[in-house]
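Containing mmCIF, C-alpha atoms and all ligand atoms: data.cif.
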data_entry
#
loop_
_atom_site.label_atom_id
_atom_site.label_comp_id
_atom_site.auth_asym_id
_atom_site.auth_seq_id
_atom_site.Cartn_x
_atom_site.Cartn_y
_atom_site.Cartn_z
CA MET A 1 168.28 81.87 70.56
CA ASN A 2 169.46 83.14 73.92
CA MET A 3 173.10 82.16 74.43
CA THR A 4 173.60 84.39 77.44
CA HIS A 5 172.56 83.94 81.02
CA ARG A 6 171.31 86.85 83.07
CA PRO A 7 172.74 86.40 86.57
CA VAL A 8 170.21 86.39 89.41
CA LEU A 9 170.81 88.41 92.61
CA LEU A 10 174.13 89.57 91.18
CA ALA A 11 174.86 92.63 93.32
CA GLU A 12 173.40 90.91 96.38
CA ALA A 13 175.63 87.83 95.96
CA VAL A 14 178.75 89.95 95.49
CA THR A 15 177.89 92.00 98.58
CA ALA A 16 177.19 88.83 100.59
CA LEU A 17 180.58 87.34 99.74
CA ILE A 18 182.77 90.44 99.55
CA GLY A 19 180.94 92.20 102.36
CA GLY A 20 182.08 89.66 104.95
CA PRO A 21 184.68 90.70 107.52
CA LEU A 22 187.48 88.85 105.71
CA ILE A 23 187.31 90.38 102.27
CA GLN A 24 185.74 93.71 103.15
CA ASP A 25 188.90 95.67 102.44
CA SER A 26 189.74 93.67 99.38
CA ALA A 27 192.18 96.28 98.03
CA SER A 28 194.54 95.49 100.89
CA ALA A 29 193.52 91.88 101.55
CA LYS A 30 196.12 89.30 100.55
CA ASN A 31 195.70 85.82 99.08
CA ILE A 32 191.93 85.89 98.92
CA ILE A 33 190.43 82.72 97.45
CA VAL A 34 186.85 82.68 96.19
CA ILE A 35 185.02 79.70 94.68
CA ASP A 36 182.14 79.91 92.21
CA GLY A 37 180.70 76.38 92.19
CA THR A 38 178.37 77.09 89.26
CA PHE A 39 180.18 79.16 86.61
CA GLY A 40 177.39 79.06 83.96
CA ARG A 41 178.22 81.99 81.71
CA GLY A 42 180.38 83.60 84.39
CA GLY A 43 178.15 86.50 85.41
CA HIS A 44 178.87 86.11 89.11
CA THR A 45 182.50 85.10 88.55
CA GLN A 46 183.22 88.22 86.49
CA ALA A 47 181.47 90.52 88.96
CA LEU A 48 183.46 89.01 91.83
CA LEU A 49 186.75 89.25 89.91
CA LYS A 50 186.08 92.99 89.41
CA GLN A 51 186.00 93.43 93.18
CA LEU A 52 189.08 91.34 93.98
CA ASN A 53 192.67 92.53 93.94
CA VAL A 54 195.51 91.25 91.75
CA ASN A 55 196.66 88.72 94.35
CA ALA A 56 193.25 87.06 94.67
CA ARG A 57 192.45 83.68 93.19
CA MET A 58 189.16 82.42 91.96
CA ILE A 59 188.26 78.80 91.20
CA ALA A 60 185.13 78.25 89.11
CA PHE A 61 183.45 74.89 88.55
CA ASP A 62 180.89 73.71 86.05
CA LYS A 63 179.75 70.30 84.83
CA ASP A 64 178.79 71.72 81.45
CA LEU A 65 181.38 71.69 78.64
CA ASP A 66 179.87 74.78 76.95
CA ALA A 67 180.23 76.68 80.23
CA ILE A 68 183.81 75.47 80.55
CA ALA A 69 184.61 76.70 77.02
CA VAL A 70 183.27 80.17 77.92
CA GLY A 71 185.35 80.14 81.13
CA ASN A 72 188.51 79.03 79.36
CA ALA A 73 188.20 81.98 76.98
CA ILE A 74 188.47 84.48 79.85
CA GLN A 75 191.95 85.95 80.00
CA ASP A 76 192.50 86.45 83.70
CA PRO A 77 195.46 84.82 85.48
CA ARG A 78 193.52 84.86 88.76
CA LEU A 79 190.86 82.50 87.41
CA ARG A 80 191.06 78.71 87.32
CA ILE A 81 188.26 76.88 85.50
CA VAL A 82 187.49 73.30 86.53
CA HIS A 83 185.26 70.84 84.65
CA SER A 84 183.82 69.02 87.63
CA SER A 85 180.88 68.98 89.97
CA PHE A 86 181.15 71.39 92.88
CA ALA A 87 180.59 68.27 95.00
CA GLN A 88 184.33 67.66 94.53
CA MET A 89 185.47 71.20 95.30
CA ASP A 90 187.45 70.07 98.36
CA GLN A 91 189.91 68.36 95.99
CA TYR A 92 190.89 71.75 94.56
CA ALA A 93 191.65 73.87 97.64
CA GLU A 94 193.18 73.37 101.08
CA PRO A 95 190.93 73.01 104.13
CA GLU A 96 190.14 76.37 105.75
CA SER A 97 191.73 78.32 102.89
CA VAL A 98 188.70 79.82 101.13
CA ASP A 99 187.20 83.24 101.84
CA GLY A 100 183.94 82.99 99.93
CA ILE A 101 181.90 80.32 98.14
CA LEU A 102 178.93 80.84 95.82
CA LEU A 103 176.50 78.21 94.55
CA ASP A 104 173.90 79.43 92.03
CA LEU A 105 172.00 76.20 91.56
CA GLY A 106 170.09 74.67 88.67
CA ILE A 107 170.44 75.16 84.96
CA SER A 108 171.44 78.18 82.89
CA SER A 109 169.35 79.88 80.20
CA PRO A 110 171.53 78.56 77.33
CA GLN A 111 171.03 75.01 78.62
CA VAL A 112 167.24 75.41 78.55
CA ASP A 113 167.16 77.34 75.29
CA GLN A 114 169.27 74.97 73.20
CA ALA A 115 166.89 72.28 71.93
CA HIS A 116 169.64 69.69 71.50
CA ARG A 117 170.32 69.68 75.26
CA GLY A 118 166.89 68.16 75.86
CA PHE A 119 165.93 70.23 78.93
CA SER A 120 162.92 72.00 77.43
CA PHE A 121 159.47 70.47 76.98
CA ARG A 122 158.72 73.27 74.50
CA ARG A 123 161.52 72.55 72.02
CA GLU A 124 161.86 69.31 70.12
CA GLY A 125 165.23 67.70 70.73
CA PRO A 126 166.87 64.49 71.93
CA LEU A 127 165.81 63.58 75.47
CA ASP A 128 169.26 64.18 77.00
CA MET A 129 169.07 66.55 80.06
CA ARG A 130 172.68 65.96 81.13
CA MET A 131 174.57 69.03 82.31
CA ASP A 132 177.77 67.03 81.75
CA THR A 133 177.39 65.51 78.29
CA ALA A 134 180.70 63.67 78.75
CA HIS A 135 179.33 61.36 81.45
CA GLY A 136 176.28 59.41 82.56
CA LEU A 137 172.97 58.27 81.10
CA THR A 138 170.73 60.54 79.04
CA ALA A 139 167.13 60.88 80.25
CA ALA A 140 166.01 58.67 77.31
CA GLU A 141 168.49 55.93 78.32
CA TRP A 142 167.47 56.23 81.95
CA LEU A 143 163.78 55.86 81.09
CA GLU A 144 164.60 52.81 79.02
CA GLN A 145 166.34 50.92 81.82
CA THR A 146 164.80 52.07 85.10
CA PRO A 147 162.11 50.03 86.89
CA GLN A 148 158.63 51.56 86.92
CA GLU A 149 158.66 51.93 90.74
CA GLU A 150 161.85 54.00 90.59
CA ILE A 151 160.50 56.21 87.77
CA THR A 152 157.39 56.78 89.91
CA ARG A 153 159.51 57.62 92.98
CA VAL A 154 161.66 60.11 91.06
CA ILE A 155 158.70 61.91 89.43
CA LYS A 156 156.80 61.99 92.71
CA THR A 157 159.69 63.06 94.95
CA TYR A 158 161.64 65.41 92.69
CA GLY A 159 158.67 66.72 90.73
CA GLU A 160 156.11 66.70 93.55
CA GLU A 161 153.80 65.36 90.80
CA ARG A 162 150.41 63.91 91.81
CA PHE A 163 150.19 61.79 88.66
CA ALA A 164 153.64 60.21 89.04
CA PHE A 165 152.26 56.67 89.08
CA GLN A 166 150.20 57.19 85.91
CA ILE A 167 153.10 58.90 84.09
CA ALA A 168 155.57 56.11 84.97
CA LYS A 169 153.01 53.49 83.93
CA ALA A 170 152.48 55.20 80.55
CA ILE A 171 156.25 55.44 79.97
CA VAL A 172 156.76 51.76 80.74
CA ALA A 173 153.78 50.78 78.53
CA LYS A 174 155.41 52.66 75.61
CA ARG A 175 158.72 51.00 76.40
CA GLU A 176 157.12 47.57 76.26
CA GLU A 177 155.68 48.43 72.83
CA GLY A 178 159.24 49.26 71.72
CA SER A 179 158.58 53.02 71.54
CA SER A 180 160.13 54.45 74.71
CA PRO A 181 160.24 58.29 74.50
CA LYS A 182 163.40 59.44 72.74
CA THR A 183 162.67 63.12 72.27
CA THR A 184 161.48 65.97 74.50
CA LEU A 185 158.14 66.38 72.70
CA GLN A 186 157.44 62.63 72.69
CA LEU A 187 157.80 62.67 76.49
CA ALA A 188 155.89 65.96 76.91
CA ASN A 189 152.97 64.65 74.83
CA LEU A 190 152.91 61.34 76.69
CA VAL A 191 152.84 63.16 80.05
CA ALA A 192 150.08 65.52 78.81
CA SER A 193 147.98 62.49 77.83
CA VAL A 194 147.86 61.22 81.43
CA VAL A 195 148.02 64.38 83.57
CA ARG A 196 144.32 65.02 83.98
CA THR A 197 144.24 68.35 85.81
CA ARG A 198 146.45 71.15 84.62
CA GLU A 199 147.68 73.80 87.00
CA ALA A 200 146.96 77.33 85.80
CA GLY A 201 149.82 78.72 83.77
CA GLN A 202 151.84 75.51 84.03
CA ASP A 203 152.57 73.00 81.27
CA PRO A 204 151.57 69.46 82.35
CA ALA A 205 155.16 68.30 81.66
CA THR A 206 156.81 70.90 83.95
CA ARG A 207 157.02 68.70 87.04
CA THR A 208 158.13 65.57 85.18
CA PHE A 209 160.90 67.42 83.35
CA GLN A 210 162.11 69.00 86.61
CA ALA A 211 162.14 65.59 88.31
CA LEU A 212 164.07 63.84 85.54
CA ARG A 213 166.60 66.65 85.31
CA ILE A 214 167.26 66.46 89.06
CA ALA A 215 167.70 62.67 88.91
CA ILE A 216 169.85 62.58 85.76
CA ASN A 217 172.25 65.18 87.16
CA ARG A 218 172.16 63.89 90.76
CA GLU A 219 171.45 67.50 91.71
CA LEU A 220 170.34 66.93 95.30
CA GLU A 221 173.13 64.44 96.10
CA ASP A 222 175.69 66.89 94.68
CA LEU A 223 174.18 69.71 96.69
CA GLU A 224 174.52 67.77 99.96
CA LEU A 225 178.13 66.83 99.16
CA GLY A 226 178.96 70.35 97.99
CA LEU A 227 177.57 71.93 101.16
CA LYS A 228 179.67 69.59 103.31
CA ALA A 229 182.73 70.52 101.26
CA THR A 230 182.11 74.24 101.77
CA LEU A 231 182.23 73.73 105.53
CA LYS A 232 185.62 72.08 105.21
CA LEU A 233 187.05 74.70 102.84
CA LEU A 234 185.87 77.96 104.37
CA LYS A 235 188.26 79.94 106.56
CA PRO A 236 186.90 81.16 109.87
CA GLN A 237 184.76 84.19 108.93
CA GLY A 238 184.57 82.97 105.31
CA ARG A 239 181.17 83.42 103.66
CA LEU A 240 178.84 80.98 101.89
CA ALA A 241 176.00 82.15 99.62
CA VAL A 242 173.63 79.66 97.98
CA ILE A 243 170.94 80.66 95.47
CA SER A 244 168.23 78.05 94.94
CA PHE A 245 165.24 77.98 92.62
CA HIS A 246 162.88 75.37 94.02
CA SER A 247 161.71 74.17 97.38
CA LEU A 248 163.59 70.84 97.34
CA GLU A 249 166.94 72.61 96.96
CA ASP A 250 166.08 75.37 99.35
CA ARG A 251 164.97 72.89 102.03
CA ILE A 252 168.34 71.11 101.85
CA VAL A 253 170.24 74.40 102.08
CA LYS A 254 168.09 75.71 104.93
CA GLN A 255 168.35 72.50 106.95
CA PHE A 256 172.11 72.29 106.39
CA LEU A 257 172.66 75.86 107.56
CA GLN A 258 170.34 75.46 110.53
CA SER A 259 171.90 72.17 111.65
CA HIS A 260 175.40 73.70 111.59
CA ALA A 261 174.30 76.93 113.25
CA LYS A 262 172.58 75.22 116.15
CA VAL A 263 174.12 75.47 119.61
CA GLU A 264 173.43 72.41 121.78
CA LEU A 265 173.31 73.60 125.38
CA PRO A 266 175.34 71.42 127.76
CA ARG A 267 173.33 69.70 130.49
CA GLY A 268 173.33 71.34 133.89
CA LEU A 269 173.00 74.98 134.80
CA PRO A 270 174.32 77.58 135.08
CA VAL A 271 176.03 77.79 131.67
CA ARG A 272 178.84 80.27 131.38
CA GLU A 273 179.45 81.97 128.03
CA LYS A 274 182.92 80.44 127.72
CA ASP A 275 181.53 76.90 128.23
CA LEU A 276 179.09 77.14 125.34
CA PRO A 277 180.00 74.76 122.51
CA LYS A 278 180.57 76.53 119.20
CA SER A 279 178.50 75.79 116.12
CA ALA A 280 180.29 75.90 112.78
CA LEU A 281 178.15 78.51 111.05
CA GLU A 282 176.42 81.75 111.78
CA ILE A 283 173.38 82.42 109.61
CA ILE A 284 173.68 85.90 108.13
CA GLY A 285 170.31 85.99 106.39
CA ARG A 286 168.34 85.35 103.25
CA VAL A 287 167.65 87.55 100.27
CA LYS A 288 164.99 87.43 97.56
CA PRO A 289 165.05 89.33 94.26
CA SER A 290 163.42 92.76 94.17
CA ASP A 291 160.17 93.33 92.24
CA GLN A 292 162.25 95.20 89.68
CA GLU A 293 164.61 92.25 89.14
CA ILE A 294 161.64 89.87 88.75
CA ALA A 295 160.00 92.23 86.24
CA GLU A 296 163.23 92.39 84.23
CA ASN A 297 164.09 88.69 84.57
CA PRO A 298 161.11 86.39 85.28
CA ARG A 299 163.52 83.46 85.90
CA ALA A 300 164.47 85.23 89.15
CA ARG A 301 160.94 84.97 90.60
CA SER A 302 161.55 81.74 92.53
CA ALA A 303 165.12 82.52 93.63
CA ILE A 304 166.18 82.69 97.24
CA MET A 305 169.74 83.24 98.47
CA ARG A 306 170.83 82.05 101.91
CA ILE A 307 174.02 83.42 103.42
CA ALA A 308 176.11 82.05 106.27
CA GLU A 309 179.52 82.72 107.79
CA LYS A 310 181.99 80.20 109.23
CA ARG A 311 182.49 80.93 112.91
CA LEU A 312 185.86 81.72 114.44
CA GLY A 313 187.60 78.97 116.36
CA VAL A 314 185.68 75.94 115.04
CA ARG A 315 186.91 73.08 112.94
CA ALA A 316 184.42 71.38 110.60
C1 LIG A 401 172.08 78.96 87.26
S1 LIG A 401 173.47 78.55 86.32
C2 LIG A 401 174.73 79.57 86.98
C3 LIG A 401 174.82 80.89 86.30
C4 LIG A 401 176.01 81.74 86.70
N1 LIG A 401 175.97 82.13 88.08
C5 LIG A 401 176.13 82.94 85.81
O1 LIG A 401 176.03 84.06 86.31
O2 LIG A 401 176.31 82.78 84.59
C6 LIG A 401 173.93 77.00 86.96
C7 LIG A 401 175.19 76.41 86.33
O3 LIG A 401 175.71 75.49 87.26
C8 LIG A 401 176.04 74.30 86.63
N2 LIG A 401 175.88 73.26 87.65
C9 LIG A 401 174.74 72.84 88.25
N3 LIG A 401 175.01 71.91 89.17
C10 LIG A 401 176.37 71.77 89.18
C11 LIG A 401 177.26 70.97 89.95
N4 LIG A 401 176.82 70.10 90.87
N5 LIG A 401 178.57 71.11 89.73
C12 LIG A 401 179.04 71.98 88.79
N6 LIG A 401 178.24 72.74 88.02
C13 LIG A 401 176.92 72.64 88.22
C14 LIG A 401 175.12 74.18 85.45
O4 LIG A 401 175.73 73.40 84.43
C15 LIG A 401 174.96 75.64 85.05
O5 LIG A 401 175.92 76.00 84.09
#
If you took the structure in this file and wrote it as C-alpha cells, what would it be?
Amino acid sequence: MNMTHRPVLLAEAVTALIGGPLIQDSASAKNIIVIDGTFGRGGHTQALLKQLNVNARMIAFDKDLDAIAVGNAIQDPRLRIVHSSFAQMDQYAEPESVDGILLDLGISSPQVDQAHRGFSFRREGPLDMRMDTAHGLTAAEWLEQTPQEEITRVIKTYGEERFAFQIAKAIVAKREEGSSPKTTLQLANLVASVVRTREAGQDPATRTFQALRIAINRELEDLELGLKATLKLLKPQGRLAVISFHSLEDRIVKQFLQSHAKVELPRGLPVREKDLPKSALEIIGRVKPSDQEIAENPRARSAIMRIAEKRLGVRA
C-alpha cells in the first residue's frame, strides 16, 4: 500500500512562492512566514523549509489526523502544525503578516489508498470519505439522512453526473428497503447498476464518489473561505499559489483571482495613473505539470497551479 504522497508541481510551487520579490533573498530575509494550507505528507512544506532561513516560520494545516501525526513527527522549530481547515487560517496569523501561502487541494494518495478511509470505489471499506475523521457525518450517514433532491443536487453539481437523478433515486430506494449503502463497493455497484453509458476509461462511480467527497468535506465552501483569508493574511507583495485538480475548484480559484485583480475604471476621462483605484492582487500566471511529471506521476495530469501576488498599498 502506498503510504507516501508524491507532491505535484513541487519545484514550480517553491519557485512561485520563494521567487516573489519578498522572499527572493531568503538567506538575508528576516521573519518570513509561509503557510502550507494542505500539509498532506509534507512534500511541499519540507521543500519550502529547505529554502527558508533559520528565522523563518512555517504554519501547516491539515484536516486529516494521519497527516497531522506525520507533521508532528518533524523536528523543526520553525514549523507549527495545526489540525484545522485552512478556511480558518486567519485565526493563526496576523493580518498582512504572511509572505507566501500554498494550497494543494483535494486528497492525498494515502487517503485514497487506505481502504478504511472510504474514498476509493475500487477498495472495499466503510463508506466514510471524511478527511477529518474527528468531525462530521460519514458519507454513509449522510446518504441515510439526506433528502433525495439534495443527493441529486450534490451528485449533479459536484460530480457533473448526467445520471444524478437515477443514482439518488436508487440510493433512496435501497434506504427505504433498510439497506442503505454502508460500504464503498455497495455504493459503487449500486451506481454501476443505473449509470447506463460508461465514459471510456472511467469507472461509472467516479463522478458520484467525487461529488460525495466534495460535499462531505465541504471542499468548495472551505476553498472560498480559505481564499478570502489569504487576501487578509498576505503582506503586500506576498505570493499565493493554488494547485487544483478539477474544474469546479479551478473555476473558483480563477474567478477569485480575476475578481480581485480587476481594476474598475472611474467614470469620466481622462484618467491619470495616480487616480486609478488599486486592485488587491496581481495575477502572476498559471503553470501545468510537464509531460515528464505526468508520465512519472499520472495523478498530476489534471493539476493546474494559479499564482498571484498581493499588490503594494492595498488593504483587503
Ligand atoms: C493533495 S494533498 C496535499 C499534499 C501535500 N502538498 C504534500 O506534498 O504532501 C491535500 C491534503 O490537504 C488536506 N486538505 C484538503 N482540504 C483541506 C482543508 N480545507 N483544510 C485543511 N486540509 C485540507 C487533505 O486532508 C490532504 O491531506
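Near ligand LIG 401 (chain A), at distances of 6 Å or less and with only C-alpha atoms and all ligand atoms counted, sit the residues His5, Pro7, Gly37, Thr38, Phe39, Gly40, Arg41, Gly42, Gly43, His44, Phe61, Asp62, Lys63, Asp64, Ala67, Ser84, Ser85, Phe86, Ala87, Asp104, Leu105, Gly106, Ile107, Ser108, Met131 and Asp222 of chain A.
Proximity to Glu124 (chain A) at 8 Å, evaluated using all atoms listed in the file and with sequence-adjacent residues fewer than 6 positions away removed, yields Ala115, His116, Gly118, Thr183, Thr184 and Leu185 of chain A.
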Neighbours of region 229-236 of chain A within 8 Å (all atoms listed in the file; same-chain residues fewer than 6 positions away dropped), as a PDB file with C-alpha atoms, in the frame of the given file?
ATOM      1  CA  ALA A  87     180.590  68.270  95.000  1.00  0.00           C
ATOM      2  CA  GLN A  88     184.330  67.660  94.530  1.00  0.00           C
ATOM      3  CA  MET A  89     185.470  71.200  95.300  1.00  0.00           C
ATOM      4  CA  ASP A  90     187.450  70.070  98.360  1.00  0.00           C
ATOM      5  CA  ALA A  93     191.650  73.870  97.640  1.00  0.00           C
ATOM      6  CA  GLU A  94     193.180  73.370 101.080  1.00  0.00           C
ATOM      7  CA  PRO A  95     190.930  73.010 104.130  1.00  0.00           C
ATOM      8  CA  GLU A  96     190.140  76.370 105.750  1.00  0.00           C
ATOM      9  CA  SER A  97     191.730  78.320 102.890  1.00  0.00           C
ATOM     10  CA  VAL A  98     188.700  79.820 101.130  1.00  0.00           C
ATOM     11  CA  ASP A  99     187.200  83.240 101.840  1.00  0.00           C
ATOM     12  CA  GLY A 100     183.940  82.990  99.930  1.00  0.00           C
ATOM     13  CA  ILE A 101     181.900  80.320  98.140  1.00  0.00           C
ATOM     14  CA  ALA A 280     180.290  75.900 112.780  1.00  0.00           C
ATOM     15  CA  GLU A 309     179.520  82.720 107.790  1.00  0.00           C
ATOM     16  CA  LYS A 310     181.990  80.200 109.230  1.00  0.00           C
ATOM     17  CA  ARG A 311     182.490  80.930 112.910  1.00  0.00           C
ATOM     18  CA  LEU A 312     185.860  81.720 114.440  1.00  0.00           C
ATOM     19  CA  GLY A 313     187.600  78.970 116.360  1.00  0.00           C
ATOM     20  CA  VAL A 314     185.680  75.940 115.040  1.00  0.00           C
ATOM     21  CA  ARG A 315     186.910  73.080 112.940  1.00  0.00           C
ATOM     22  CA  ALA A 316     184.420  71.380 110.600  1.00  0.00           C
TER      23      ALA A 316
END
Check your understanding: Looking at A:Arg153, A:Lys174, A:Arg57, A:Lys182, which one is nearest to Arg78 (chain A), with distances taken over all atoms listed in the file?
Key -> A:Arg57
Point to revise | For CA of Arg301 (chain A) and CA of Val8 (chain A), the interatomic separation in Å (one decimal) | key: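 Here the two named atoms are 9.5 Å from each other.
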Practice item. Tell me which protein, DNA and RNA residues are within 10 Å of Leu10 (chain A), counting only C-alpha atoms, leaving out same-chain ones fewer than 3 positions away, and put them as number ranges by chain. Key: A: 6-7, 13-16, 43-45, 47-48, 289
Review point. Between CA of Leu190 (chain A) and CA of Leu212 (chain A), what is the distance, to one decimal in Å?
Key: 14.5 Å
Exercise for review: For Leu223 (chain A), work out the shell of residues within 10 Å, counting only C-alpha atoms and skipping chain neighbours fewer than 2 positions away, then give it as JSON, numbers by chain.
Suggested key: {"A": [85, 86, 87, 103, 105, 218, 219, 220, 221, 225, 226, 227, 228, 229, 249, 252, 253]}
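With distances taken from (182.9, 82.9, 97.0) and restricted to all atoms listed in the file, the residues inside 6 Å are Leu17, Val34, Ile35, Asp36, Gly100, Ile101 and Leu102 of chain A.
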Check your understanding: When distances are computed from only C-alpha atoms, which of A:Ile68, A:Ile32, A:Val82, A:Ala188 shows the smallest separation from Arg122 (chain A)?
Key ->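 Of A:Ile68, A:Ile32, A:Val82, A:Ala188, the one nearest Arg122 (chain A), counting only C-alpha atoms, is A:Ala188.
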Could you list, as a CSV table (one decimal) with C-alpha atoms, keeping the file's coordinate frame, every residue within 12 Å of region 148-150 of chain A, counting all atoms listed in the file and ignoring same-chain residues fewer than 2 positions away?
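Full text of selection.csv as output:
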chain,number,residue,atom,x,y,z
A,142,TRP,CA,167.5,56.2,82.0
A,143,LEU,CA,163.8,55.9,81.1
A,144,GLU,CA,164.6,52.8,79.0
A,145,GLN,CA,166.3,50.9,81.8
A,146,THR,CA,164.8,52.1,85.1
A,152,THR,CA,157.4,56.8,89.9
A,153,ARG,CA,159.5,57.6,93.0
A,154,VAL,CA,161.7,60.1,91.1
A,155,ILE,CA,158.7,61.9,89.4
A,156,LYS,CA,156.8,62.0,92.7
A,157,THR,CA,159.7,63.1,95.0
A,158,TYR,CA,161.6,65.4,92.7
A,164,ALA,CA,153.6,60.2,89.0
A,165,PHE,CA,152.3,56.7,89.1
A,166,GLN,CA,150.2,57.2,85.9
A,167,ILE,CA,153.1,58.9,84.1
A,168,ALA,CA,155.6,56.1,85.0
A,169,LYS,CA,153.0,53.5,83.9
A,170,ALA,CA,152.5,55.2,80.6
A,171,ILE,CA,156.2,55.4,80.0
A,172,VAL,CA,156.8,51.8,80.7
A,173,ALA,CA,153.8,50.8,78.5
A,174,LYS,CA,155.4,52.7,75.6
A,175,ARG,CA,158.7,51.0,76.4
A,176,GLU,CA,157.1,47.6,76.3
A,211,ALA,CA,162.1,65.6,88.3
A,212,LEU,CA,164.1,63.8,85.5
A,215,ALA,CA,167.7,62.7,88.9
Check your understanding: Just how far from CA of Lys254 (chain A) is CA of Asp203 (chain A), in Å to one decimal?
Key ->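 Straight-line distance from CA of Asp203 (chain A) to CA of Lys254 (chain A) works out to 28.4 Å.
Distances to Glu161 (chain A) were evaluated for A:Phe121, A:Phe209, A:Tyr92, A:Phe245 using only C-alpha atoms, and the minimum falls at A:Phe209.
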Will you model N, CA and C atoms for region 169-182 of chain A and pass it back as a PDB file, keeping the file's coordinate frame?
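Generated file (part08.pdb):
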ATOM      1  N   LYS A 169     153.691  54.634  84.551  1.00  0.00           N
ATOM      2  CA  LYS A 169     153.010  53.490  83.930  1.00  0.00           C
ATOM      3  C   LYS A 169     152.927  53.695  82.394  1.00  0.00           C
ATOM      4  N   ALA A 170     152.592  54.914  81.993  1.00  0.00           N
ATOM      5  CA  ALA A 170     152.480  55.200  80.550  1.00  0.00           C
ATOM      6  C   ALA A 170     153.843  55.083  79.870  1.00  0.00           C
ATOM      7  N   ILE A 171     154.903  55.528  80.559  1.00  0.00           N
ATOM      8  CA  ILE A 171     156.250  55.440  79.970  1.00  0.00           C
ATOM      9  C   ILE A 171     156.637  53.967  79.783  1.00  0.00           C
ATOM     10  N   VAL A 172     156.373  53.170  80.810  1.00  0.00           N
ATOM     11  CA  VAL A 172     156.760  51.760  80.740  1.00  0.00           C
ATOM     12  C   VAL A 172     155.905  51.017  79.699  1.00  0.00           C
ATOM     13  N   ALA A 173     154.636  51.407  79.557  1.00  0.00           N
ATOM     14  CA  ALA A 173     153.780  50.780  78.530  1.00  0.00           C
ATOM     15  C   ALA A 173     154.360  51.050  77.127  1.00  0.00           C
ATOM     16  N   LYS A 174     154.799  52.305  76.909  1.00  0.00           N
ATOM     17  CA  LYS A 174     155.410  52.660  75.610  1.00  0.00           C
ATOM     18  C   LYS A 174     156.684  51.858  75.398  1.00  0.00           C
ATOM     19  N   ARG A 175     157.441  51.724  76.475  1.00  0.00           N
ATOM     20  CA  ARG A 175     158.720  51.000  76.400  1.00  0.00           C
ATOM     21  C   ARG A 175     158.454  49.552  75.984  1.00  0.00           C
ATOM     22  N   GLU A 176     157.412  48.966  76.579  1.00  0.00           N
ATOM     23  CA  GLU A 176     157.120  47.570  76.260  1.00  0.00           C
ATOM     24  C   GLU A 176     156.636  47.395  74.823  1.00  0.00           C
ATOM     25  N   GLU A 177     156.069  48.477  74.269  1.00  0.00           N
ATOM     26  CA  GLU A 177     155.680  48.430  72.830  1.00  0.00           C
ATOM     27  C   GLU A 177     156.883  48.669  71.924  1.00  0.00           C
ATOM     28  N   GLY A 178     158.036  48.970  72.518  1.00  0.00           N
ATOM     29  CA  GLY A 178     159.240  49.260  71.720  1.00  0.00           C
ATOM     30  C   GLY A 178     159.320  50.704  71.298  1.00  0.00           C
ATOM     31  N   SER A 179     158.503  51.604  71.930  1.00  0.00           N
ATOM     32  CA  SER A 179     158.580  53.020  71.540  1.00  0.00           C
ATOM     33  C   SER A 179     158.744  53.919  72.766  1.00  0.00           C
ATOM     34  N   SER A 180     159.777  53.622  73.555  1.00  0.00           N
ATOM     35  CA  SER A 180     160.130  54.450  74.710  1.00  0.00           C
ATOM     36  C   SER A 180     160.424  55.883  74.243  1.00  0.00           C
ATOM     37  N   PRO A 181     160.020  56.917  75.001  1.00  0.00           N
ATOM     38  CA  PRO A 181     160.240  58.290  74.500  1.00  0.00           C
ATOM     39  C   PRO A 181     161.724  58.613  74.304  1.00  0.00           C
ATOM     40  N   LYS A 182     162.004  59.139  73.109  1.00  0.00           N
ATOM     41  CA  LYS A 182     163.400  59.440  72.740  1.00  0.00           C
ATOM     42  C   LYS A 182     163.622  60.942  72.579  1.00  0.00           C
TER      43      LYS A 182
END
